[in-house]
Amino acid sequence: MASLQGYVDRRVLLVLQDGRAIVGTLAGFDQKSNVVLSESKERVFSMEEGVEEIPLGLYLVKGDMIVLIGEIDDAIDETVDLSMIRAEPLPPIRY
């Protein structure tokens, strides 16, 4: 992965190979792209109940599990009512 230094201390969304979406503040990373998130939450998508956020706290993610890392715009994210969003959960990636 390209350098993650520009994302340190910013809120990011990680999409993992197993389909999970995790939001948190990027606290650090290493040369293998292992990532440490603080104040993290898993966003669980559902067609019936909207998006549920499960608090995870300090969370370590192995670099080989990460499919996507993107910065979250806090101003936009705070205006979104997650309970109104309906979406199918992402399926796991199969090679």
# chains A, B, ... in the order shown; residues from 1 in each chain; ligands from 1
>>> residues_around(residues="Asp30 (chain A)", least_positions_apart="5", cutoff="12 Å", atoms="only C-alpha atoms", output="PyMOL selection string")
chain A and resi 1-5+8+35-36+60-63
>>> residues_around(residues="region 14-24 of chain A", least_positions_apart="5", cutoff="6 Å", atoms="only C-alpha atoms", output="number ranges by chain")
A: 37-43, 65-69, 90-93
>>> residues_around(residues="Tyr7 (chain A)", least_positions_apart="4", cutoff="8 Å", atoms="only C-alpha atoms", output="ChimeraX atom specification")
/A:11-12,26,71
>>> atom_distance(atom1="CA of Ala87 (chain A)", atom2="CA of Glu52 (chain A)")
11.4 Å
>>> select_by_dssp(residues="chain A", states="helix (DSSP H, G or I)", output="list in words")
Gln5, Gly6, Tyr7, Gly63, Asp64, Met65, Asp74, Ala75, Ile76, Asp77, Glu78, Thr79, Leu82, Ser83 and Met84 of chain A
>>> select_by_dssp(residues="chain A", states="strand (DSSP E or B)", output="PyMOL selection string")
chain A and resi 11-16+21-29+35-44+52-61+66-71
>>> atom_distance(atom1="CA of Lys32 (chain A)", atom2="CA of Arg10 (chain A)")
19.7 Å
